[in-house]
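Notes to accompany the following structure.
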Amino acid sequence: MATVLVVEDENRIGEILESALAANGHTVQWRRTGEEGTRAARTGRIDLVLLDLGLPDVDGVEVCRRLKRLQPQCVVVMLTARRDEMDVVEGLEAGADDYLTKPFRMTELLARVRAHLRRAAVADFVPEVFTNGDLTVDAGARRCAVRSREVDLRPKEFDLLARLAADAGRAVSREALMDDVWDRNWFGPTKTLDVHIASLRHRLAAAATSFDPPATIPEISTLRGHGYRLEVQS
Ligand code: CA
């Protein structure tokens, strides 16, 4: 799982966050001041930060700026009191990815953390831009194109394609796809996966055949009893 840094000076909130995140399998570092939080980000990789904006020493927005400078890949979720709306705007400008207003529901916080970490993981293992034949998948820009004409994909279709592209030429199991694109706590029918693959194939094929002669794009093969593979052509 992930390393989560909690920067929060209120003991009660810090304790609840620490135990809930640890119970979800995360490694938690709880720091009570902006200086200590910044120091933690200097000494090891942090995947996500829960950052209280009202800290006793350094302004939370400034802490956010420092954290993003030290670890640009880390996700920063600000925790703020409702009266701090201007801080939220400044925090987002300083590079924060999200915010939650206190008091927040723990289930909502955990769901947000999970979603952010999942997205960060996908961004991590996908090369910035995958190109094969006439297909381009730009994970950073969330852009899929055939011969530089953009293909309109639904979010999950894009995630699936990006996940397959990250392991292009290799088999990706159904479990890995369900975990990475949906959620490890997804209890819905795994048929959802096949439906999305079918629709992804359809959209890519439609995009390819809209050219004359048709564009060349890698196929998505079904591996019975296992999963899928994005075929790469040399
Ligand atoms: Ca505080």
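Ligands are numbered from 1 in the order shown, chains are lettered A, B, ... in the order of the structure tokens, and residues start at 1 in each chain.
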Next item on the list: Show which residues sit within 10 Å of segment 30-44 of chain A, as a PyMOL selection string. Count only C-alpha atoms, and ignore same-chain residues fewer than 2 positions away.
Entry: chain A and resi 3-11+14-15+17-18+27-28+46-47+49-71+74
Next item on the list: Go through segment 59-198 of chain A and collect every residue that DSSP, computed from the backbone, puts in strand (DSSP E); the answer should be as a ChimeraX atom specification.
Entry: /A:75-81,98-102,129-132,135-138,143-146,149-150,171-173
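With distances taken over only C-alpha atoms and all ligand atoms, A:Lys102 is the one residue among A:Lys102, A:Gln29, A:Met1, A:Leu193 lying closest to ligand 1.
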Notebook entry, point to check: If you count only C-alpha atoms, which residues fall within 10 Å of Arg203 of chain A, apart from same-chain ones fewer than 5 positions away, as a count of residues only?
Noted result: 8
Next item on the list: Figure out the distance between atom CA of Ala121 of chain A and atom CA of Ala205 of chain A, please, to one decimal in Å.
Entry: 28.0 Å
Note to self: Residues near Asp84 of chain A, anyone? I mean within 10 Å using only C-alpha atoms, not counting same-chain ones fewer than 4 positions away, as a list in words.
What the structure shows: Leu53, Gly54, Leu79, Thr80, Val88, Val89 and Thr101 of chain A
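Near Glu128 of chain A, within a cut-off of 6 Å and counting only C-alpha atoms, sit the residues Asp138, Ala139 and Gly140 of chain A, with same-chain residues fewer than 3 positions away left out.
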Margin query: To test your reading of the structure, identify every residue in segment 47-183 of chain A that backbone DSSP assigns to alpha helix (DSSP H), and report it as a PyMOL selection string.
Written below: chain A and resi 60-70+85-93+106-125+155-166+174-177
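The space between atom CA of Asp134 of chain A and atom CA of Leu200 of chain A spans 16.0 Å.
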